[in-house]
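Q: Below you will find the structure I want to go over with you.
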Amino acid sequence: MSEKLETLSNRWNNLRKILERPGPFSHPDFEPSLEIINFLMNTCKILVIGAGGLGCELLKDLALMGFRDIHVIDMDTIEISNLNRQFLFRHKDIGFPKAEVAAKFVNSRVKGCQVTAYFKKIQDFDANFYRQFHIIVCGLDSIVARRWINGMLISMLNYNDDVLDQSSIIPLIDGGTEGFKGNARVILPGMTACVECTLDLYPPQVTYPLCTIANTPRLPEHCIEYVKVVQWPKENPWGTALDGDDPHHINWVHEKSLERAQQFNITGVTYRLVQGVVKNIIPAVASTNAVIAAICATEVFKLATSCYVPLNNFLVFNDVDGIYTYTYESEKKENCLACSQIPQTVVIKDPEEAKLKDLIQILQEDSRYQMRSPGLITTIDGKNRTLYISSIKSIEERTRENLNKTLSELGLKEGCEVAVSDITSPNTVIIRLHFQTTDVEMKKLIN
Amino acid sequence: MIKLFSLKQQKKDGEASPKTANQKKASAAQLRIAKDINELNLPKTCTTEFPDPDDLLNFKLIICPDEGFYRTGRFVFSFKVGPNYPHEPPKVKCETQVYHPNIDQQGNVCLNILREDWKPVLTINSIVYGLQYLFLEPNPEDPLNKEAADVLTTNRRLFEQNVQKAMRGGFVGGTYFDRCLK
Ligand SMILES: [Zn+2]
């Protein structure tokens, strides 16, 4: 045996104990084999979204667990305030992209591990990019980004006659922390509760009544919020929107907030607090990140190896006062805007002949739909298009001419999706257009 | 529980699946706003205007109250619905200058459901009704325009005159108001 292989086997001894023999706690269907560690190390491709507090922990955990094909996306650069907990970064790295510095650090530290970095937004990639991964794990601080990746993974699901094709599922493991609180969850898109199903769980941004901040401020936050909401738009010192990452902006808000605080005899307005309120930052705690990332990484390992039953499906963690964890099954919402939307196929004979009003007629008369006054929107060439909405006068007037256009004149292509809302359904429904003429062309090609 | 990779412990190369066209999907915010808009049930005093019918996220609401202090006025509100709707409320501003205890000169509106009491179950319709209510029952308890609120509590007659003066176009106190009669 070569030296290399030997170190390998010693190095991964602990993994092999779990993966090459059964145990009382293993998954009932678990079949121990040498193949599993081989899959984990040589095939399994993991995407980590976010290289911040949770991301650094996740990358370290996954790399040390034997995953070797790890990709990481992050759009931020390193700031000095990150260094206390984002331990893959050093002082010399300030100003450089988090994803790239983190990848370089892990690659040089963990032999055999190859982390690929993307200094980009998640929105810069399409389904073809995300499809290459076996598992995606998120350490994000943004609800918008969570909802986006959730929507992306759901849109990538395939259905054969309304039955979900399980091979199109990419599990999403999502961690989140806020100070001493955190949560971790496992989402099997299309099968278990998704981000949108449980949107109520994410605390809304802290807001103060406008009249309070305008007239009876009591807290330093009230003063800052006043400057942010009222004074900035009024005076607009740089003629742009307030940018929480621009120190000039923060300085301006700081000064004005101090003035206002003085007027009302309020103390406690600091530069940090201004930054916190403007950027809506909640102080991050390194230990909470470590715990949540470890839980997420364990879930990645369980899903990749099938060695143990995965978390079902939501875990909350709190160490404000002692340590508290609780796991429960968050339920899939029947009318979820994202994951209950199995696109229903509407068959159209010929898009050169069928007009939009014919499609609407199908939606009104087909026993599957029986809608009253459906509103139709879609995206064409990446742009949102309103095809027809009858209930709003100004929209109706300007979309009326679409009724007499054929589907192909409108730019609707084979397989495209149209979102339909109507009072008969609690949600917007997605329909997918299928043109029979395409079948004919396909046949011609084959013959 | 399914064993996810029993079927596919193989390499993934980002192969394009023929099943799905690479059409950009409408976001959850868009799906929700489409529903809200399609089901808008406006009171007869309100109309909406969509400068771009393809953009359901930005529009205007016009309120012409038919009773109360603000009868005969015409007030325009801009709605900006963000990508995080309905987790976050839309941003609503009053574009018409109005002498009103709960609306300031910059168009900020003090309506609880626009900020601290917003919930994702609320809809654009709820906001429309809330705004309409502000014109029927201006609330001097939570003022944004403190002067107007003081006048309303101490002298309703004078308040009414001030509202009229402002709507016809002219100065109330030191502030000039543009004409906004319909
Ligand atoms: Zn869902």
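Chain labels follow the order of the structure tokens: the first chain is A, the next B, and so on; residue numbering restarts at 1 in every chain, and ligands are counted from 1 in their shown order.
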Could you list the protein, DNA and RNA residues that have any atom within 8 Å of ligand 1, counting only C-alpha atoms and all ligand atoms, and write them as a PyMOL selection string?

A: chain A and resi 189-190+192-198+332-340

Q: Please identify all polymer residues within 9 Å of Leu242 in chain A, counting only C-alpha atoms, omitting same-chain residues fewer than 3 positions from it, and present them as an MDAnalysis selection string.

A: chainID A and resid 228 232:233 236 238 245:246 249:250 278

Q: How would the residues just picked look written out with all heavy atoms as a CSV table (one decimal), in the first residue's frame?

A:
```csv
chain,number,residue,atom,x,y,z
A,228,LYS,N,-32.7,58.2,9.5
A,228,LYS,CA,-32.7,57.3,8.3
A,228,LYS,C,-34.0,57.4,7.5
A,228,LYS,O,-34.0,57.5,6.3
A,228,LYS,CB,-32.6,55.8,8.9
A,228,LYS,CG,-32.7,54.7,7.9
A,228,LYS,CD,-32.6,53.4,8.6
A,228,LYS,CE,-33.3,52.3,7.7
A,228,LYS,NZ,-33.4,51.0,8.4
A,232,TRP,N,-32.9,61.7,6.0
A,232,TRP,CA,-32.1,61.4,4.8
A,232,TRP,C,-32.9,61.7,3.5
A,232,TRP,O,-32.4,62.4,2.6
A,232,TRP,CB,-31.6,59.9,4.8
A,232,TRP,CG,-30.8,59.6,3.7
A,232,TRP,CD1,-31.2,59.2,2.4
A,232,TRP,CD2,-29.4,59.6,3.6
A,232,TRP,NE1,-30.2,59.0,1.6
A,232,TRP,CE2,-29.0,59.3,2.2
A,232,TRP,CE3,-28.3,59.9,4.5
A,232,TRP,CZ2,-27.7,59.2,1.8
A,232,TRP,CZ3,-27.0,59.8,4.0
A,232,TRP,CH2,-26.7,59.5,2.7
A,233,PRO,N,-34.1,61.1,3.4
A,233,PRO,CA,-34.8,61.4,2.1
A,233,PRO,C,-35.0,62.9,1.9
A,233,PRO,O,-35.1,63.4,0.8
A,233,PRO,CB,-36.2,60.7,2.3
A,233,PRO,CG,-36.0,59.8,3.4
A,233,PRO,CD,-34.9,60.3,4.3
A,236,ASN,N,-31.2,64.5,1.7
A,236,ASN,CA,-30.4,63.6,0.7
A,236,ASN,C,-29.0,64.2,0.3
A,236,ASN,O,-28.8,64.7,-0.8
A,236,ASN,CB,-31.3,63.5,-0.6
A,236,ASN,CG,-30.9,62.2,-1.2
A,236,ASN,OD1,-29.8,61.6,-1.0
A,236,ASN,ND2,-31.9,61.6,-2.0
A,238,TRP,N,-26.1,63.2,-0.5
A,238,TRP,CA,-25.3,62.8,-1.7
A,238,TRP,C,-26.2,62.4,-2.9
A,238,TRP,O,-25.7,61.9,-3.9
A,238,TRP,CB,-24.5,61.5,-1.3
A,238,TRP,CG,-23.2,61.9,-0.5
A,238,TRP,CD1,-22.0,62.3,-1.1
A,238,TRP,CD2,-23.1,61.9,0.9
A,238,TRP,NE1,-21.1,62.5,0.0
A,238,TRP,CE2,-21.8,62.3,1.1
A,238,TRP,CE3,-24.0,61.7,1.9
A,238,TRP,CZ2,-21.3,62.5,2.4
A,238,TRP,CZ3,-23.5,61.8,3.2
A,238,TRP,CH2,-22.2,62.2,3.5
A,245,ASP,N,-23.0,50.6,3.8
A,245,ASP,CA,-21.6,50.2,3.7
A,245,ASP,C,-20.7,51.4,3.4
A,245,ASP,O,-19.5,51.3,3.3
A,245,ASP,CB,-21.4,49.2,2.6
A,245,ASP,CG,-22.0,47.9,3.0
A,245,ASP,OD1,-21.9,47.5,4.2
A,245,ASP,OD2,-22.6,47.2,2.2
A,246,ASP,N,-21.3,52.6,3.2
A,246,ASP,CA,-20.5,53.8,2.9
A,246,ASP,C,-20.3,54.6,4.2
A,246,ASP,O,-21.2,55.1,4.8
A,246,ASP,CB,-21.3,54.7,1.9
A,246,ASP,CG,-20.5,55.8,1.4
A,246,ASP,OD1,-19.6,56.3,2.2
A,246,ASP,OD2,-20.7,56.3,0.3
A,249,HIS,N,-21.8,58.0,4.6
A,249,HIS,CA,-23.2,58.0,4.9
A,249,HIS,C,-23.4,57.8,6.4
A,249,HIS,O,-24.2,58.4,7.0
A,249,HIS,CB,-23.9,56.9,4.1
A,249,HIS,CG,-24.0,57.2,2.6
A,249,HIS,ND1,-24.8,56.5,1.7
A,249,HIS,CD2,-23.3,58.1,1.8
A,249,HIS,CE1,-24.7,57.0,0.5
A,249,HIS,NE2,-23.8,58.0,0.5
A,250,ILE,N,-22.7,56.7,6.9
A,250,ILE,CA,-22.9,56.4,8.3
A,250,ILE,C,-22.5,57.6,9.2
A,250,ILE,O,-23.1,57.9,10.2
A,250,ILE,CB,-22.1,55.1,8.6
A,250,ILE,CG1,-22.6,53.9,7.8
A,250,ILE,CG2,-22.2,54.8,10.1
A,250,ILE,CD1,-24.0,53.4,8.2
A,278,VAL,N,-28.9,51.1,10.8
A,278,VAL,CA,-29.0,51.3,9.4
A,278,VAL,C,-28.9,50.0,8.6
A,278,VAL,O,-29.7,49.8,7.7
A,278,VAL,CB,-27.9,52.3,8.9
A,278,VAL,CG1,-27.9,52.4,7.4
A,278,VAL,CG2,-28.1,53.7,9.5
```

Q: Within 6 Å of chain B, which residues of chain A show up when using only C-alpha atoms, listed as a list in words?

A: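 Listed by rising number, the hits are Thr43, Asn128, Arg131, Gln132, Val144, Thr207, Tyr208, Pro209, Leu210, Cys211, Gly375, Gly382, Asn384, Arg385, Thr386, Ser391, Ser394, Ile395, Ser421 and Thr428 of chain A.
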
Q: Export N, CA and C atoms of the chosen residues as an mmCIF file, in the first residue's frame?

A:
```
data_model
loop_
_atom_site.group_PDB
_atom_site.id
_atom_site.type_symbol
_atom_site.label_atom_id
_atom_site.label_comp_id
_atom_site.auth_asym_id
_atom_site.auth_seq_id
_atom_site.Cartn_x
_atom_site.Cartn_y
_atom_site.Cartn_z
ATOM 1 N N THR A 43 -16.926 12.118 -5.179
ATOM 2 C CA THR A 43 -18.030 12.438 -6.078
ATOM 3 C C THR A 43 -18.889 13.577 -5.557
ATOM 4 N N ASN A 128 -28.738 25.788 -14.326
ATOM 5 C CA ASN A 128 -27.682 24.884 -14.790
ATOM 6 C C ASN A 128 -26.509 24.842 -13.821
ATOM 7 N N ARG A 131 -27.745 22.925 -10.545
ATOM 8 C CA ARG A 131 -28.051 21.519 -10.772
ATOM 9 C C ARG A 131 -26.850 20.609 -10.541
ATOM 10 N N GLN A 132 -25.628 21.158 -10.614
ATOM 11 C CA GLN A 132 -24.448 20.296 -10.489
ATOM 12 C C GLN A 132 -24.182 19.824 -9.058
ATOM 13 N N VAL A 144 -34.212 37.572 1.941
ATOM 14 C CA VAL A 144 -34.420 37.660 0.486
ATOM 15 C C VAL A 144 -33.602 36.578 -0.219
ATOM 16 N N THR A 207 -39.200 47.482 13.778
ATOM 17 C CA THR A 207 -39.585 48.817 13.323
ATOM 18 C C THR A 207 -40.264 49.538 14.461
ATOM 19 N N TYR A 208 -40.152 50.852 14.434
ATOM 20 C CA TYR A 208 -40.786 51.668 15.463
ATOM 21 C C TYR A 208 -41.877 52.488 14.802
ATOM 22 N N PRO A 209 -42.965 52.752 15.541
ATOM 23 C CA PRO A 209 -44.034 53.563 14.965
ATOM 24 C C PRO A 209 -43.469 54.904 14.509
ATOM 25 N N LEU A 210 -43.856 55.317 13.317
ATOM 26 C CA LEU A 210 -43.317 56.534 12.720
ATOM 27 C C LEU A 210 -43.593 57.753 13.601
ATOM 28 N N CYS A 211 -44.797 57.792 14.203
ATOM 29 C CA CYS A 211 -45.125 58.967 15.010
ATOM 30 C C CYS A 211 -44.239 59.021 16.253
ATOM 31 N N GLY A 375 -56.096 36.522 -13.747
ATOM 32 C CA GLY A 375 -55.061 37.474 -14.144
ATOM 33 C C GLY A 375 -53.818 36.676 -14.506
ATOM 34 N N GLY A 382 -36.559 36.928 -19.693
ATOM 35 C CA GLY A 382 -36.067 37.416 -18.414
ATOM 36 C C GLY A 382 -36.817 38.618 -17.862
ATOM 37 N N ASN A 384 -40.460 40.539 -16.628
ATOM 38 C CA ASN A 384 -41.831 40.285 -16.209
ATOM 39 C C ASN A 384 -42.797 40.866 -17.226
ATOM 40 N N ARG A 385 -43.823 40.088 -17.561
ATOM 41 C CA ARG A 385 -44.838 40.593 -18.475
ATOM 42 C C ARG A 385 -46.212 40.344 -17.887
ATOM 43 N N THR A 386 -47.042 41.347 -17.919
ATOM 44 C CA THR A 386 -48.435 41.164 -17.544
ATOM 45 C C THR A 386 -49.195 40.870 -18.833
ATOM 46 N N SER A 391 -59.222 43.035 -13.637
ATOM 47 C CA SER A 391 -59.832 43.733 -12.509
ATOM 48 C C SER A 391 -59.299 45.156 -12.295
ATOM 49 N N SER A 394 -56.627 50.385 -15.260
ATOM 50 C CA SER A 394 -55.483 50.904 -16.027
ATOM 51 C C SER A 394 -54.670 49.766 -16.658
ATOM 52 N N ILE A 395 -54.665 48.612 -16.018
ATOM 53 C CA ILE A 395 -53.937 47.477 -16.612
ATOM 54 C C ILE A 395 -54.785 46.830 -17.710
ATOM 55 N N SER A 421 -53.620 34.129 -11.354
ATOM 56 C CA SER A 421 -54.306 34.324 -10.072
ATOM 57 C C SER A 421 -55.782 34.564 -10.310
ATOM 58 N N THR A 428 -51.673 32.050 -6.298
ATOM 59 C CA THR A 428 -51.386 32.108 -7.710
ATOM 60 C C THR A 428 -51.003 30.698 -8.172
#
```

Q: Excluding range 58-63 of chain B and any residue of its chain fewer than 4 positions from it, enumerate the residues within 8 Å of it, using only C-alpha atoms, and give them as a PDB file with N, CA, C and O atoms, in the first residue's frame.

A:
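Written output follows (around16.pdb):
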```pdb
ATOM      1  N   THR B  45     -64.021  55.309  -3.841  1.00  0.00           N
ATOM      2  CA  THR B  45     -63.236  56.546  -3.757  1.00  0.00           C
ATOM      3  C   THR B  45     -61.806  56.349  -4.248  1.00  0.00           C
ATOM      4  O   THR B  45     -61.026  57.290  -4.283  1.00  0.00           O
ATOM      5  N   CYS B  46     -61.418  55.130  -4.579  1.00  0.00           N
ATOM      6  CA  CYS B  46     -60.013  54.849  -4.897  1.00  0.00           C
ATOM      7  C   CYS B  46     -59.837  54.313  -6.315  1.00  0.00           C
ATOM      8  O   CYS B  46     -60.663  53.539  -6.795  1.00  0.00           O
ATOM      9  N   THR B  47     -58.740  54.715  -6.937  1.00  0.00           N
ATOM     10  CA  THR B  47     -58.346  54.110  -8.205  1.00  0.00           C
ATOM     11  C   THR B  47     -56.842  53.822  -8.156  1.00  0.00           C
ATOM     12  O   THR B  47     -56.128  54.404  -7.344  1.00  0.00           O
ATOM     13  N   THR B  48     -56.399  52.922  -9.036  1.00  0.00           N
ATOM     14  CA  THR B  48     -54.959  52.666  -9.096  1.00  0.00           C
ATOM     15  C   THR B  48     -54.457  53.029 -10.477  1.00  0.00           C
ATOM     16  O   THR B  48     -55.223  53.021 -11.438  1.00  0.00           O
ATOM     17  N   GLU B  49     -53.177  53.327 -10.542  1.00  0.00           N
ATOM     18  CA  GLU B  49     -52.564  53.591 -11.834  1.00  0.00           C
ATOM     19  C   GLU B  49     -51.246  52.834 -11.886  1.00  0.00           C
ATOM     20  O   GLU B  49     -50.427  52.945 -10.977  1.00  0.00           O
ATOM     21  N   PHE B  50     -51.075  52.067 -12.939  1.00  0.00           N
ATOM     22  CA  PHE B  50     -49.823  51.343 -13.138  1.00  0.00           C
ATOM     23  C   PHE B  50     -49.094  51.983 -14.310  1.00  0.00           C
ATOM     24  O   PHE B  50     -49.470  51.765 -15.466  1.00  0.00           O
ATOM     25  N   PRO B  51     -48.055  52.780 -14.036  1.00  0.00           N
ATOM     26  CA  PRO B  51     -47.327  53.431 -15.125  1.00  0.00           C
ATOM     27  C   PRO B  51     -46.811  52.404 -16.135  1.00  0.00           C
ATOM     28  O   PRO B  51     -46.800  52.660 -17.330  1.00  0.00           O
ATOM     29  N   ARG B  74     -57.951  65.305  -3.821  1.00  0.00           N
ATOM     30  CA  ARG B  74     -57.461  64.176  -4.616  1.00  0.00           C
ATOM     31  C   ARG B  74     -56.033  63.905  -4.165  1.00  0.00           C
ATOM     32  O   ARG B  74     -55.158  64.765  -4.292  1.00  0.00           O
ATOM     33  N   PHE B  75     -55.777  62.711  -3.635  1.00  0.00           N
ATOM     34  CA  PHE B  75     -54.490  62.428  -3.021  1.00  0.00           C
ATOM     35  C   PHE B  75     -53.838  61.203  -3.660  1.00  0.00           C
ATOM     36  O   PHE B  75     -54.472  60.165  -3.808  1.00  0.00           O
ATOM     37  N   VAL B  76     -52.583  61.380  -4.022  1.00  0.00           N
ATOM     38  CA  VAL B  76     -51.879  60.317  -4.738  1.00  0.00           C
ATOM     39  C   VAL B  76     -50.846  59.671  -3.809  1.00  0.00           C
ATOM     40  O   VAL B  76     -50.059  60.379  -3.175  1.00  0.00           O
ATOM     41  N   PHE B  77     -50.860  58.353  -3.746  1.00  0.00           N
ATOM     42  CA  PHE B  77     -49.867  57.610  -2.966  1.00  0.00           C
ATOM     43  C   PHE B  77     -49.058  56.718  -3.898  1.00  0.00           C
ATOM     44  O   PHE B  77     -49.610  56.114  -4.814  1.00  0.00           O
ATOM     45  N   SER B  78     -47.748  56.656  -3.659  1.00  0.00           N
ATOM     46  CA  SER B  78     -46.941  55.732  -4.448  1.00  0.00           C
ATOM     47  C   SER B  78     -46.684  54.481  -3.624  1.00  0.00           C
ATOM     48  O   SER B  78     -46.438  54.553  -2.415  1.00  0.00           O
ATOM     49  N   PHE B  79     -46.770  53.343  -4.270  1.00  0.00           N
ATOM     50  CA  PHE B  79     -46.495  52.046  -3.636  1.00  0.00           C
ATOM     51  C   PHE B  79     -45.261  51.440  -4.287  1.00  0.00           C
ATOM     52  O   PHE B  79     -45.211  51.336  -5.520  1.00  0.00           O
ATOM     53  N   LYS B  80     -44.300  51.048  -3.457  1.00  0.00           N
ATOM     54  CA  LYS B  80     -43.151  50.303  -3.967  1.00  0.00           C
ATOM     55  C   LYS B  80     -43.108  48.967  -3.217  1.00  0.00           C
ATOM     56  O   LYS B  80     -42.892  48.940  -2.014  1.00  0.00           O
ATOM     57  N   VAL B  81     -43.297  47.887  -3.953  1.00  0.00           N
ATOM     58  CA  VAL B  81     -43.309  46.570  -3.335  1.00  0.00           C
ATOM     59  C   VAL B  81     -41.932  45.939  -3.533  1.00  0.00           C
ATOM     60  O   VAL B  81     -41.469  45.812  -4.668  1.00  0.00           O
ATOM     61  N   VAL B 128     -54.943  49.886   1.434  1.00  0.00           N
ATOM     62  CA  VAL B 128     -55.849  50.849   0.793  1.00  0.00           C
ATOM     63  C   VAL B 128     -56.932  51.279   1.789  1.00  0.00           C
ATOM     64  O   VAL B 128     -57.203  52.469   1.957  1.00  0.00           O
ATOM     65  N   GLN B 132     -57.521  54.989   3.344  1.00  0.00           N
ATOM     66  CA  GLN B 132     -58.802  55.664   3.201  1.00  0.00           C
ATOM     67  C   GLN B 132     -59.324  56.103   4.569  1.00  0.00           C
ATOM     68  O   GLN B 132     -59.842  57.199   4.737  1.00  0.00           O
TER      69      GLN B 132
END
```

Q: How would you write, as a list in words, the set of residues in range 388-430 of chain A that DSSP gives as helix (DSSP H, G or I)?

A: Lys393, Ser394, Ile395, Glu396, Glu397, Arg398, Thr399, Arg400, Glu401, Asn402, Leu403 and Asn404 of chain A

Q: Just checking: using only C-alpha atoms, which residue out of A:Pro237, A:Gly112, A:Gly139, A:Gly411 ends up closest to Ile49 in chain A?

A: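 Of A:Pro237, A:Gly112, A:Gly139, A:Gly411, the one nearest Ile49 in chain A is A:Gly139, counting only C-alpha atoms.
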
Q: Please provide as a ChimeraX atom specification all residues within 9 Å of Tyr130 in chain A, with the sequence filter that same-chain residues fewer than 6 positions apart are discarded (counting only C-alpha atoms).

A: /A:47,136,152-153,156,170 /B:14

Q: Out of B:Asn125, B:Leu158, B:Thr72, B:Pro43, which residue has the shortest atom-to-atom distance to Gly173 in chain B when counting only C-alpha atoms?

A: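 Of the candidates, the smallest distance to Gly173 in chain B is held by B:Leu158.
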
Q: Given the choices A:Gly95, A:Pro247, A:Gly415, A:Gly179, which gets closest to Asp76 in chain A if the distance is worked out from only C-alpha atoms?

A: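 Going through A:Gly95, A:Pro247, A:Gly415, A:Gly179 one by one, the smallest distance to Asp76 in chain A is for A:Gly95.
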